[in-house]
$ cat entry_26.csv   # CSV, C-alpha atoms
chain,number,residue,atom,x,y,z
A,200,MET,CA,-4.1,19.9,33.9
A,201,ILE,CA,-3.2,16.3,33.3
A,202,LEU,CA,-6.3,15.8,31.2
A,203,GLN,CA,-5.5,18.8,29.1
A,204,ILE,CA,-1.9,17.6,28.5
A,205,ILE,CA,-3.2,14.2,27.4
A,206,PHE,CA,-5.8,15.8,25.2
A,207,TRP,CA,-3.3,18.0,23.4
A,208,ILE,CA,-0.9,15.1,22.9
A,209,ALA,CA,-3.7,13.2,21.3
A,210,VAL,CA,-4.6,16.1,19.1
A,211,PHE,CA,-0.9,16.5,18.1
A,212,LEU,CA,-0.6,12.8,17.1
A,213,ILE,CA,-3.7,13.0,14.9
A,214,LEU,CA,-2.7,16.3,13.2
A,215,TYR,CA,0.9,15.2,12.8
A,216,THR,CA,0.1,11.8,11.3
A,217,TYR,CA,-2.2,13.1,8.5
A,218,ILE,CA,-1.1,16.8,8.1
A,219,GLY,CA,2.0,17.5,10.0
A,220,TYR,CA,4.2,14.7,8.6
A,221,PRO,CA,3.3,15.6,4.9
A,222,MET,CA,4.3,19.2,5.7
A,223,VAL,CA,7.6,18.2,7.4
A,224,LEU,CA,8.3,15.7,4.6
A,225,PHE,CA,7.8,18.3,1.9
A,226,THR,CA,10.0,20.8,3.9
A,227,PHE,CA,12.8,18.2,4.0
A,228,VAL,CA,12.4,17.4,0.3
A,229,PHE,CA,12.4,21.1,-0.6
A,230,ILE,CA,15.7,21.7,1.4
A,231,LYS,CA,17.3,18.6,-0.2
A,232,ARG,CA,16.4,19.9,-3.7
A,233,LYS,CA,18.1,23.2,-2.9
A,234,LEU,CA,21.2,21.7,-1.4
A,235,LYS,CA,21.7,18.7,-3.6
A,236,LYS,CA,21.1,18.5,-7.3
A,237,SER,CA,22.2,15.0,-8.4
A,238,LYS,CA,21.2,13.1,-11.5
A,239,LYS,CA,19.7,9.7,-10.9
A,240,GLU,CA,21.6,6.6,-12.0
A,241,VAL,CA,19.3,4.8,-14.4
A,242,PHE,CA,19.8,2.3,-17.2
A,243,GLU,CA,19.4,3.5,-20.8
A,244,HIS,CA,17.0,1.4,-22.8
A,245,HIS,CA,19.7,-0.6,-24.5
A,246,GLU,CA,21.3,-1.4,-21.1
A,247,LEU,CA,18.2,-2.9,-19.5
A,248,PRO,CA,19.0,-6.3,-18.0
A,249,GLU,CA,16.9,-9.4,-18.1
A,250,THR,CA,14.0,-9.4,-15.6
A,251,THR,CA,11.0,-11.7,-14.6
A,252,LEU,CA,7.4,-10.7,-14.1
A,253,ILE,CA,5.4,-12.9,-11.7
A,254,VAL,CA,1.6,-12.7,-11.7
A,255,PRO,CA,0.1,-14.8,-8.8
A,256,CYS,CA,-3.5,-15.9,-9.7
A,257,PHE,CA,-6.2,-17.6,-7.7
A,258,ASN,CA,-9.4,-18.3,-9.7
A,259,GLU,CA,-9.0,-15.3,-11.9
A,260,ALA,CA,-10.9,-16.5,-14.9
A,261,ASP,CA,-13.0,-13.3,-15.0
A,262,TYR,CA,-9.9,-11.1,-15.4
A,263,ILE,CA,-7.2,-13.4,-16.9
A,264,ARG,CA,-7.8,-12.7,-20.6
A,265,ASP,CA,-7.5,-9.0,-20.1
A,266,LYS,CA,-4.5,-9.5,-17.9
A,267,ILE,CA,-2.8,-11.7,-20.5
A,268,ASP,CA,-3.5,-9.2,-23.3
A,269,ASN,CA,-2.2,-6.4,-21.2
A,270,THR,CA,0.9,-8.3,-20.2
A,271,LEU,CA,1.8,-9.2,-23.8
A,272,LEU,CA,1.7,-5.5,-24.8
A,273,LEU,CA,4.3,-4.4,-22.2
A,274,LYS,CA,7.3,-2.8,-23.8
A,275,TYR,CA,10.7,-4.3,-23.0
A,276,PRO,CA,13.8,-5.3,-25.0
A,277,GLU,CA,13.0,-8.5,-26.9
A,278,GLY,CA,14.2,-11.7,-25.2
A,279,ARG,CA,14.9,-10.0,-21.8
A,280,LEU,CA,11.5,-10.4,-20.1
A,281,THR,CA,10.3,-13.7,-18.7
A,282,ILE,CA,6.7,-14.0,-17.7
A,283,PHE,CA,5.4,-16.4,-15.0
A,284,PHE,CA,1.7,-16.9,-14.1
A,285,VAL,CA,1.2,-18.8,-10.9
A,286,THR,CA,-2.2,-20.4,-10.3
A,287,ASP,CA,-1.7,-22.6,-7.2
A,288,GLY,CA,-5.0,-23.9,-5.8
A,289,SER,CA,-7.1,-22.5,-8.7
A,290,THR,CA,-10.1,-24.6,-9.6
A,291,ASP,CA,-11.5,-22.6,-12.5
A,292,GLU,CA,-10.4,-22.4,-16.2
A,293,SER,CA,-7.5,-20.0,-15.5
A,294,MET,CA,-4.9,-22.6,-16.3
A,295,ASP,CA,-6.4,-23.6,-19.6
A,296,ILE,CA,-6.6,-20.0,-20.7
A,297,ILE,CA,-3.0,-19.3,-19.9
A,298,LYS,CA,-1.8,-22.5,-21.6
A,299,GLY,CA,-3.1,-21.0,-24.9
A,300,HIS,CA,-0.3,-18.5,-24.7
A,301,PRO,CA,3.2,-20.0,-25.2
A,302,GLU,CA,4.9,-16.7,-24.4
A,303,ILE,CA,3.8,-17.2,-20.7
A,304,ILE,CA,5.3,-19.8,-18.4
A,305,LEU,CA,2.6,-21.4,-16.3
A,306,HIS,CA,3.4,-22.6,-12.8
A,307,HIS,CA,0.6,-24.6,-11.1
A,308,SER,CA,0.1,-26.7,-8.0
A,309,ASP,CA,-3.2,-28.2,-7.0
A,310,GLU,CA,-2.5,-27.4,-3.4
A,311,ARG,CA,-3.5,-24.0,-2.1
A,312,LYS,CA,-1.1,-22.7,0.5
A,313,GLY,CA,-1.6,-19.0,-0.1
A,314,LYS,CA,0.2,-16.3,-2.2
A,315,ASN,CA,3.3,-16.3,-0.1
A,316,ALA,CA,3.9,-20.0,-0.5
A,317,ALA,CA,3.1,-19.8,-4.2
A,318,VAL,CA,5.6,-17.0,-4.8
A,319,ASN,CA,8.3,-18.6,-2.7
A,320,ARG,CA,7.9,-21.8,-4.7
A,321,VAL,CA,8.4,-20.2,-8.2
A,322,MET,CA,11.2,-17.8,-7.0
A,323,GLU,CA,13.4,-20.9,-7.3
A,324,TYR,CA,12.9,-20.7,-11.1
A,325,VAL,CA,13.8,-17.1,-11.4
A,326,LYS,CA,17.2,-16.7,-13.1
A,327,THR,CA,17.2,-12.9,-13.6
A,328,PRO,CA,18.8,-10.3,-11.3
A,329,THR,CA,15.4,-8.6,-10.7
A,330,VAL,CA,11.8,-9.7,-10.3
A,331,ILE,CA,8.6,-7.8,-10.6
A,332,PHE,CA,5.3,-8.7,-8.9
A,333,CYS,CA,1.8,-7.6,-9.9
A,334,ASP,CA,-1.8,-8.6,-9.2
A,335,ALA,CA,-3.9,-10.5,-11.7
A,336,ASN,CA,-6.8,-8.0,-11.6
A,337,THR,CA,-4.7,-4.9,-12.4
A,338,LEU,CA,-3.6,-3.5,-15.8
A,339,LEU,CA,-0.2,-2.0,-16.3
A,340,ASN,CA,0.9,0.9,-18.5
A,341,GLU,CA,3.0,-0.3,-21.4
A,342,ASP,CA,6.2,1.2,-20.2
A,343,ALA,CA,5.8,0.0,-16.6
A,344,ILE,CA,8.5,-2.7,-16.7
A,345,VAL,CA,11.1,-0.4,-18.4
A,346,ASN,CA,10.4,2.4,-15.9
A,347,ILE,CA,10.9,0.1,-12.9
A,348,VAL,CA,14.0,-1.9,-14.0
A,349,ARG,CA,15.9,1.2,-15.1
A,350,HIS,CA,16.4,2.2,-11.4
A,351,TYR,CA,18.5,-0.8,-10.6
A,352,LYS,CA,21.6,0.8,-12.1
A,353,ASP,CA,21.9,2.4,-8.7
A,354,PRO,CA,23.4,-0.2,-6.4
A,355,LYS,CA,21.7,1.4,-3.4
A,356,VAL,CA,18.2,0.6,-4.8
A,357,GLY,CA,17.0,-2.7,-3.4
A,358,ALA,CA,13.3,-2.4,-4.5
A,359,VAL,CA,11.1,-0.3,-6.7
A,360,ALA,CA,7.4,0.5,-5.9
A,361,GLY,CA,5.0,1.2,-8.7
A,362,GLU,CA,1.9,3.4,-8.3
A,363,LYS,CA,-1.6,2.1,-7.6
A,364,ARG,CA,-4.3,3.9,-9.5
A,365,VAL,CA,-8.0,3.4,-8.7
A,366,LEU,CA,-10.3,3.9,-11.7
A,367,GLN,CA,-13.2,6.2,-10.9
A,368,LYS,CA,-16.4,7.3,-12.5
A,369,THR,CA,-17.9,10.8,-12.6
A,370,ALA,CA,-20.2,9.7,-9.7
A,371,ASP,CA,-19.1,7.1,-7.2
A,372,GLY,CA,-20.1,5.6,-3.9
A,373,ALA,CA,-18.2,5.7,-0.6
A,374,SER,CA,-15.9,2.9,-1.4
A,375,ALA,CA,-14.7,4.2,-4.8
A,376,SER,CA,-14.6,7.9,-3.7
A,377,GLY,CA,-12.8,7.2,-0.4
A,378,GLU,CA,-10.3,4.7,-1.9
A,379,GLY,CA,-9.5,7.0,-4.8
A,380,ALA,CA,-8.9,10.0,-2.6
A,381,TYR,CA,-6.8,8.0,-0.2
A,382,TRP,CA,-4.5,6.6,-2.9
A,383,LYS,CA,-4.0,10.1,-4.5
A,384,TYR,CA,-2.9,11.3,-1.0
A,385,GLU,CA,-0.7,8.2,-0.5
A,386,SER,CA,0.9,8.5,-3.9
A,387,GLN,CA,2.0,12.1,-3.2
A,388,LEU,CA,3.5,11.0,0.2
A,389,LYS,CA,5.3,8.1,-1.6
A,390,LYS,CA,6.8,10.5,-4.1
A,391,TRP,CA,8.2,12.7,-1.3
A,392,ASP,CA,9.3,9.7,0.8
A,393,SER,CA,11.2,8.3,-2.2
A,394,GLU,CA,12.8,11.7,-3.0
A,395,LEU,CA,13.9,12.2,0.6
A,396,GLN,CA,15.3,8.7,1.1
A,397,THR,CA,13.0,5.6,0.8
A,398,VAL,CA,9.4,4.6,0.2
A,399,VAL,CA,7.9,3.1,3.4
A,400,GLY,CA,6.5,-0.2,2.1
A,401,ALA,CA,5.4,-1.1,-1.4
A,402,ALA,CA,1.9,-2.0,-2.6
A,403,GLY,CA,1.4,-5.5,-3.9
A,404,GLU,CA,-0.4,-4.3,-7.0
A,405,LEU,CA,3.0,-3.5,-8.6
A,406,PHE,CA,6.5,-3.7,-7.0
A,407,SER,CA,9.9,-5.2,-7.7
A,408,VAL,CA,13.0,-6.4,-5.8
A,409,ARG,CA,16.5,-7.5,-6.4
A,410,VAL,CA,16.5,-11.3,-6.5
A,411,ASP,CA,19.6,-11.6,-4.3
A,412,LEU,CA,17.8,-9.6,-1.6
A,413,TYR,CA,14.6,-11.6,-1.8
A,414,GLU,CA,13.9,-13.5,1.4
A,415,LYS,CA,11.4,-16.3,1.6
A,416,VAL,CA,8.3,-14.7,3.1
A,417,PRO,CA,7.0,-16.8,6.0
A,418,GLU,CA,3.6,-18.3,5.0
A,419,ASN,CA,1.9,-16.6,8.0
A,420,ILE,CA,2.8,-13.1,6.8
A,421,ILE,CA,-0.4,-11.2,6.1
A,422,ILE,CA,0.8,-8.3,4.0
A,423,GLU,CA,3.8,-9.8,2.3
A,424,ASP,CA,4.5,-6.8,0.0
A,425,PHE,CA,5.0,-4.4,2.9
A,426,TYR,CA,7.0,-6.9,4.9
A,427,LEU,CA,9.3,-7.8,2.0
A,428,SER,CA,10.0,-4.3,0.9
A,429,MET,CA,10.7,-3.1,4.5
A,430,ARG,CA,13.0,-6.0,5.2
A,431,ILE,CA,15.1,-4.7,2.2
A,432,VAL,CA,15.1,-1.2,3.7
A,433,GLU,CA,16.1,-2.7,7.1
A,434,GLN,CA,19.2,-4.2,5.4
A,435,GLY,CA,20.3,-0.7,4.4
A,436,PHE,CA,18.9,-0.4,0.8
A,437,LYS,CA,16.2,1.9,-0.4
A,438,THR,CA,12.9,1.5,-2.1
A,439,VAL,CA,12.3,3.9,-5.0
A,440,TYR,CA,8.9,5.1,-6.0
A,441,GLU,CA,8.2,5.1,-9.8
A,442,PRO,CA,4.9,6.9,-10.6
A,443,ASP,CA,5.3,6.3,-14.3
A,444,SER,CA,4.9,2.6,-13.6
A,445,TYR,CA,1.3,2.1,-12.6
A,446,ALA,CA,-1.2,-0.6,-12.0
A,447,SER,CA,-4.8,0.4,-12.6
A,448,GLU,CA,-7.8,-1.3,-11.0
A,449,THR,CA,-11.4,-0.6,-10.2
A,450,SER,CA,-12.4,0.2,-6.6
A,451,SER,CA,-13.8,-2.4,-4.3
A,452,GLU,CA,-17.4,-3.4,-5.3
A,453,SER,CA,-18.8,-2.1,-2.0
A,454,ILE,CA,-17.8,-0.7,1.3
A,455,LYS,CA,-18.4,-4.2,2.7
A,456,GLU,CA,-15.8,-5.6,0.3
A,457,GLU,CA,-13.4,-2.7,1.1
A,458,ARG,CA,-13.7,-3.6,4.8
A,459,LYS,CA,-12.2,-7.0,4.0
A,460,ARG,CA,-9.1,-5.3,2.6
A,461,LYS,CA,-8.8,-2.7,5.3
A,462,ILE,CA,-9.2,-5.2,8.2
A,463,ARG,CA,-6.6,-7.5,6.7
A,464,ILE,CA,-4.2,-4.7,6.1
A,465,SER,CA,-4.6,-3.4,9.6
A,466,ALA,CA,-4.0,-6.9,11.1
A,467,GLY,CA,-1.0,-7.2,8.9
A,468,GLY,CA,0.2,-3.8,9.9
A,469,ILE,CA,0.2,-4.8,13.6
A,470,GLN,CA,2.0,-8.0,12.7
A,471,ALA,CA,4.6,-6.1,10.6
A,472,ILE,CA,5.3,-3.6,13.4
A,473,ILE,CA,6.1,-6.5,15.8
A,474,LEU,CA,8.3,-8.3,13.2
A,475,LEU,CA,10.0,-5.2,12.0
A,476,LYS,CA,10.6,-3.7,15.5
A,477,GLY,CA,14.2,-3.1,14.5
A,478,MET,CA,13.0,-0.3,12.2
A,479,LEU,CA,11.8,1.6,15.3
A,480,ASN,CA,15.5,2.2,16.2
A,481,ILE,CA,16.1,5.7,14.8
A,482,PHE,CA,19.7,5.7,16.0
A,483,LYS,CA,20.4,2.7,13.7
A,484,HIS,CA,18.2,3.5,10.7
A,485,GLY,CA,18.1,7.3,10.9
A,486,MET,CA,15.8,9.0,8.4
A,487,ALA,CA,14.3,5.7,7.2
A,488,SER,CA,13.2,5.0,10.7
A,489,PHE,CA,11.7,8.5,11.1
A,490,GLN,CA,9.8,7.9,7.8
A,491,TYR,CA,8.6,4.5,8.9
A,492,ILE,CA,7.3,5.7,12.3
A,493,SER,CA,5.7,8.8,10.9
A,494,HIS,CA,4.1,7.3,7.8
A,495,ARG,CA,3.1,3.8,9.0
A,496,ALA,CA,3.7,2.9,12.6
A,497,LEU,CA,1.6,5.7,14.0
A,498,ARG,CA,-1.3,5.0,11.7
A,499,TRP,CA,-1.5,1.4,12.9
A,500,THR,CA,-1.0,2.1,16.6
A,501,LEU,CA,-1.2,5.4,18.5
A,502,THR,CA,-3.2,7.6,16.2
A,503,PRO,CA,-6.4,5.5,16.1
A,504,LEU,CA,-6.3,5.4,19.9
A,505,ALA,CA,-5.7,9.2,19.9
A,506,LEU,CA,-8.9,9.7,18.0
A,507,ILE,CA,-11.0,8.1,20.9
A,508,ILE,CA,-9.0,9.9,23.6
A,509,ALA,CA,-9.3,13.3,21.9
A,510,LEU,CA,-13.1,13.0,21.6
A,511,SER,CA,-13.6,11.6,25.1
A,512,LEU,CA,-11.4,14.2,26.8
A,513,ASN,CA,-12.8,17.0,24.7
A,514,ILE,CA,-16.3,16.3,26.1
A,515,VAL,CA,-15.0,16.4,29.6
A,516,LEU,CA,-13.0,19.6,29.1
A,517,ALA,CA,-15.8,21.4,27.3
A,518,TYR,CA,-17.8,21.3,30.6
A,519,SER,CA,-15.4,23.8,32.0
A,520,GLY,CA,-16.9,26.4,29.8
A,521,ASN,CA,-13.6,27.2,28.1
A,522,ILE,CA,-14.5,28.5,24.6
A,523,ILE,CA,-11.5,26.8,23.0
A,524,TYR,CA,-12.6,23.3,24.0
A,525,ILE,CA,-16.2,24.1,23.1
A,526,ILE,CA,-15.2,25.1,19.6
A,527,LEU,CA,-13.0,22.1,19.2
A,528,LEU,CA,-15.8,19.8,20.4
A,529,ALA,CA,-18.2,21.4,18.0
A,530,GLY,CA,-15.7,20.7,15.2
A,531,GLN,CA,-15.3,17.1,16.1
A,532,ILE,CA,-19.0,16.6,16.4
A,533,ALA,CA,-19.5,18.2,12.9
A,534,PHE,CA,-16.8,15.9,11.5
A,535,TYR,CA,-18.4,12.8,12.8
A,536,LEU,CA,-21.8,13.9,11.7
A,537,LEU,CA,-20.4,14.2,8.2
A,538,ALA,CA,-19.0,10.7,8.6
A,539,LEU,CA,-22.4,9.5,9.6
A,540,LEU,CA,-24.0,11.2,6.6
A,541,GLY,CA,-21.4,9.4,4.4
A,542,TYR,CA,-22.4,6.1,6.0
A,543,ILE,CA,-26.0,6.7,5.3
A,544,LEU,CA,-25.2,7.6,1.7
A,545,GLN,CA,-22.5,5.0,1.2
A,546,GLU,CA,-24.1,3.0,-1.6
A,547,LYS,CA,-25.3,6.2,-3.5
A,548,GLU,CA,-23.3,7.4,-6.4
A,549,ILE,CA,-22.5,11.1,-5.8
A,550,LYS,CA,-20.5,13.6,-7.9
A,551,LEU,CA,-19.5,15.5,-4.7
A,552,LYS,CA,-17.0,12.8,-3.8
A,553,GLY,CA,-15.4,14.9,-0.9
A,554,LEU,CA,-18.6,14.1,1.0
A,555,PHE,CA,-17.3,10.6,1.6
A,556,ILE,CA,-13.8,11.5,2.9
A,557,PRO,CA,-14.9,12.0,6.6
A,558,TYR,CA,-16.6,8.6,6.5
A,559,TYR,CA,-13.7,6.9,4.8
A,560,PHE,CA,-11.3,8.4,7.3
A,561,PHE,CA,-13.5,7.0,10.2
A,562,PHE,CA,-13.9,3.7,8.4
A,563,MET,CA,-10.1,3.3,8.0
A,564,ASN,CA,-9.4,4.0,11.6
A,565,TRP,CA,-12.2,1.8,12.8
A,566,SER,CA,-10.8,-1.0,10.6
A,567,VAL,CA,-7.5,-0.7,12.6
A,568,TYR,CA,-9.3,-1.7,15.8
A,569,GLN,CA,-11.0,-4.6,14.0
A,570,GLY,CA,-7.7,-5.7,12.5
A,571,PHE,CA,-5.9,-5.5,15.8
A,572,PHE,CA,-8.4,-7.7,17.6
A,573,ARG,CA,-8.6,-10.1,14.7
A,574,PHE,CA,-4.8,-10.4,14.8
A,575,MET,CA,-4.6,-10.8,18.6
A,576,LYS,CA,-7.2,-13.6,18.3
A,577,GLY,CA,-5.3,-15.3,15.5
A,578,LYS,CA,-8.2,-15.1,13.2
A,579,GLN,CA,-6.6,-13.3,10.2
A,580,SER,CA,-5.3,-15.9,7.8
A,581,ALA,CA,-2.6,-15.1,5.3
A,582,VAL,CA,-4.7,-17.2,2.9
A,583,TRP,CA,-7.6,-14.7,2.4
A,584,GLU,CA,-10.7,-14.2,0.4
A,585,LYS,CA,-9.9,-11.4,-2.0
A,586,ALA,CA,-12.3,-8.4,-2.1
A,587,LYS,CA,-14.6,-8.2,-5.1
A,588,ARG,CA,-13.9,-5.4,-7.5
A,589,ALA,CA,-16.4,-3.1,-9.2
A,590,SER,CA,-17.0,-3.6,-12.9
A,591,ALA,CA,-14.8,-1.4,-15.2
$ encode --input "entry_26.csv" --output "structure tokens"
Amino acid sequence: MILQIIFWIAVFLILYTYIGYPMVLFTFVFIKRKLKKSKKEVFEHHELPETTLIVPCFNEADYIRDKIDNTLLLKYPEGRLTIFFVTDGSTDESMDIIKGHPEIILHHSDERKGKNAAVNRVMEYVKTPTVIFCDANTLLNEDAIVNIVRHYKDPKVGAVAGEKRVLQKTADGASASGEGAYWKYESQLKKWDSELQTVVGAAGELFSVRVDLYEKVPENIIIEDFYLSMRIVEQGFKTVYEPDSYASETSSESIKEERKRKIRISAGGIQAIILLKGMLNIFKHGMASFQYISHRALRWTLTPLALIIALSLNIVLAYSGNIIYIILLAGQIAFYLLALLGYILQEKEIKLKGLFIPYYFFFMNWSVYQGFFRFMKGKQSAVWEKAKRASA
């Protein structure tokens, strides 16, 4: 009986994390829509305040020309957008390329201390009420800045998260297919999270904060975007999701390169849960805490453990001859066989992209274990080697 109870708790955690929470979230949003129809407070185009865009770069010569061209095409009222490119530690020709564009302010230091230190350093030069961060290897839609900054008319908004889009081809391998499917799923959850109350963490590809709420991010923080945006939520503000501001990038070059990202994010997730333990207090933070636990904390802690428990106990319970446990075990075995097939075909470009979803699901959860042990051993540096991206 005890084994059965533990088994069903594990199954519940798995189903709730990936299926149940989206269903509960949508139900809450649906009810909110019916009970409360309020117009968002947003700036009109002529009201948009000054803002600053910061693009941290490290040896980005392969991407920097496209990034500069894309940045200079962004629409915003003339004279109200300041652009910083930060190249701390770079040893390639990035700086020389940027210097050829007087519209961009270059900040450079020969010393490489990592992205956190670089951003902390240049934040001292930001004189605008809001600041926007985006990666050097992403391209923004031309209205991205306008669509982000307009939300700051609402004094309750402390941060705004843009959307990450993974560019995909007709046929893709495991990395591109899995990453693309995952971000479509995540984007929908972020829309509902934002509509209910707040986004649970922003993606570093494109996000923004109020400058007066910005805290210097400690140099040892692994996923600074998540940490910074959640610290703002912890202070009682909300993070809004803006899908009409999006950063497009190609998928990781291979599943090996994607593994670097996932392990780093998982290690950073464990670190963030420890540092943001106050967000677990649902009596203090209410709905924001519920969203944080359901959307993030479970994924980085109990749910990966529940996957192992559910499979192990299912094998034991199936020996009793109970048809329910036999069917469930057969379903689990079939799922993991599909994941194995995805592993075998991981480098093949296949049009039936759904074939890679079981493998990517397994891969993500296995990365949590790797990230956990890397963090516990102190081997995950905040100064990391970025994953190589596939060609456009």
$ atom_distance --input "entry_26.csv" --atom1 "CA of Lys231 (chain A)" --atom2 "CA of Leu475 (chain A)"
27.7 Å
$ residues_around --input "entry_26.csv" --residues "Leu273 (chain A)" --least-positions-apart "4" --cutoff "8 Å" --atoms "all atoms listed in the file" --output "ChimeraX atom specification"
/A:269,339-344
$ residues_around --input "entry_26.csv" --residues "Lys314 (chain A)" --least-positions-apart "2" --cutoff "10 Å" --atoms "all atoms listed in the file" --output "ChimeraX atom specification"
/A:255-257,285-288,311-312,316-320,416,418,420-421,423,581-583
$ closest_residue --input "entry_26.csv" --among "A:Ile296, A:Ala529, A:Met563, A:Ile282" --to "Glu259 (chain A)" --atoms "all atoms listed in the file"
A:Ile296
$ residues_around --input "entry_26.csv" --residues "region 327-330 of chain A" --least-positions-apart "6" --cutoff "7 Å" --atoms "all atoms listed in the file" --output "MDAnalysis selection string"
chainID A and resid 249:252 407:410
$ closest_atom_pairs --input "entry_26.csv" --of "region 472-535 of chain A" --to "region 432-449 of chain A" --cutoff "8 Å" --atoms "all atoms listed in the file" --output "CSV"
residue,atom,partner,partner_atom,distance
A:Gly477,CA,A:Glu433,CA,7.7
A:Met478,CA,A:Glu433,CA,6.4
A:His484,CA,A:Glu433,CA,7.5
A:Ala487,CA,A:Val432,CA,7.8
$ closest_residue --input "entry_26.csv" --among "A:Met429, A:Ile556, A:Lys415, A:Val567" --to "Arg498 (chain A)" --atoms "all atoms listed in the file"
A:Val567
$ atom_distance --input "entry_26.csv" --atom1 "CA of Ala260 (chain A)" --atom2 "CA of His307 (chain A)"
14.6 Å
$ closest_residue --input "entry_26.csv" --among "A:Gly570, A:Gly485, A:Pro503, A:Gly400" --to "Ile469 (chain A)" --atoms "only C-alpha atoms"
A:Gly570
$ atom_distance --input "entry_26.csv" --atom1 "CA of Met200 (chain A)" --atom2 "CA of Tyr524 (chain A)"
13.5 Å
$ closest_residue --input "entry_26.csv" --among "A:Met486, A:Leu537, A:Ile331, A:Ile218" --to "Leu554 (chain A)" --atoms "only C-alpha atoms"
A:Leu537
$ decode --input "entry_26.csv" --residues "region 343-358 of chain A" --atoms "N, CA and C atoms" --output "PDB file, in the first residue's frame"
ATOM      1  N   ALA A 343       9.944  45.643 -31.594  1.00  0.00           N
ATOM      2  CA  ALA A 343      10.209  44.981 -30.314  1.00  0.00           C
ATOM      3  C   ALA A 343      10.352  45.969 -29.160  1.00  0.00           C
ATOM      4  N   ILE A 344      11.120  47.039 -29.355  1.00  0.00           N
ATOM      5  CA  ILE A 344      11.376  47.979 -28.262  1.00  0.00           C
ATOM      6  C   ILE A 344      10.104  48.742 -27.898  1.00  0.00           C
ATOM      7  N   VAL A 345       9.379  49.192 -28.924  1.00  0.00           N
ATOM      8  CA  VAL A 345       8.118  49.903 -28.690  1.00  0.00           C
ATOM      9  C   VAL A 345       7.146  49.036 -27.884  1.00  0.00           C
ATOM     10  N   ASN A 346       7.000  47.771 -28.294  1.00  0.00           N
ATOM     11  CA  ASN A 346       6.032  46.879 -27.651  1.00  0.00           C
ATOM     12  C   ASN A 346       6.410  46.537 -26.213  1.00  0.00           C
ATOM     13  N   ILE A 347       7.708  46.564 -25.909  1.00  0.00           N
ATOM     14  CA  ILE A 347       8.152  46.305 -24.535  1.00  0.00           C
ATOM     15  C   ILE A 347       7.926  47.523 -23.649  1.00  0.00           C
ATOM     16  N   VAL A 348       8.446  48.671 -24.077  1.00  0.00           N
ATOM     17  CA  VAL A 348       8.453  49.859 -23.218  1.00  0.00           C
ATOM     18  C   VAL A 348       7.048  50.377 -22.943  1.00  0.00           C
ATOM     19  N   ARG A 349       6.108  50.163 -23.847  1.00  0.00           N
ATOM     20  CA  ARG A 349       4.751  50.685 -23.651  1.00  0.00           C
ATOM     21  C   ARG A 349       4.097  50.163 -22.371  1.00  0.00           C
ATOM     22  N   HIS A 350       4.534  48.991 -21.889  1.00  0.00           N
ATOM     23  CA  HIS A 350       3.921  48.406 -20.694  1.00  0.00           C
ATOM     24  C   HIS A 350       4.275  49.152 -19.404  1.00  0.00           C
ATOM     25  N   TYR A 351       5.325  49.961 -19.436  1.00  0.00           N
ATOM     26  CA  TYR A 351       5.788  50.595 -18.205  1.00  0.00           C
ATOM     27  C   TYR A 351       4.921  51.772 -17.760  1.00  0.00           C
ATOM     28  N   LYS A 352       3.851  52.054 -18.478  1.00  0.00           N
ATOM     29  CA  LYS A 352       2.907  53.061 -17.978  1.00  0.00           C
ATOM     30  C   LYS A 352       2.206  52.551 -16.723  1.00  0.00           C
ATOM     31  N   ASP A 353       2.082  51.222 -16.617  1.00  0.00           N
ATOM     32  CA  ASP A 353       1.491  50.598 -15.434  1.00  0.00           C
ATOM     33  C   ASP A 353       2.559  50.534 -14.339  1.00  0.00           C
ATOM     34  N   PRO A 354       2.382  51.245 -13.218  1.00  0.00           N
ATOM     35  CA  PRO A 354       3.408  51.268 -12.166  1.00  0.00           C
ATOM     36  C   PRO A 354       3.640  49.914 -11.500  1.00  0.00           C
ATOM     37  N   LYS A 355       2.721  48.957 -11.701  1.00  0.00           N
ATOM     38  CA  LYS A 355       2.897  47.635 -11.105  1.00  0.00           C
ATOM     39  C   LYS A 355       3.853  46.760 -11.917  1.00  0.00           C
ATOM     40  N   VAL A 356       4.137  47.171 -13.148  1.00  0.00           N
ATOM     41  CA  VAL A 356       5.026  46.392 -14.017  1.00  0.00           C
ATOM     42  C   VAL A 356       6.474  46.730 -13.699  1.00  0.00           C
ATOM     43  N   GLY A 357       7.196  45.722 -13.252  1.00  0.00           N
ATOM     44  CA  GLY A 357       8.612  45.928 -12.927  1.00  0.00           C
ATOM     45  C   GLY A 357       9.549  45.406 -13.988  1.00  0.00           C
ATOM     46  N   ALA A 358       9.045  44.488 -14.830  1.00  0.00           N
ATOM     47  CA  ALA A 358       9.871  43.900 -15.884  1.00  0.00           C
ATOM     48  C   ALA A 358       8.965  43.441 -17.025  1.00  0.00           C
TER      49      ALA A 358
END
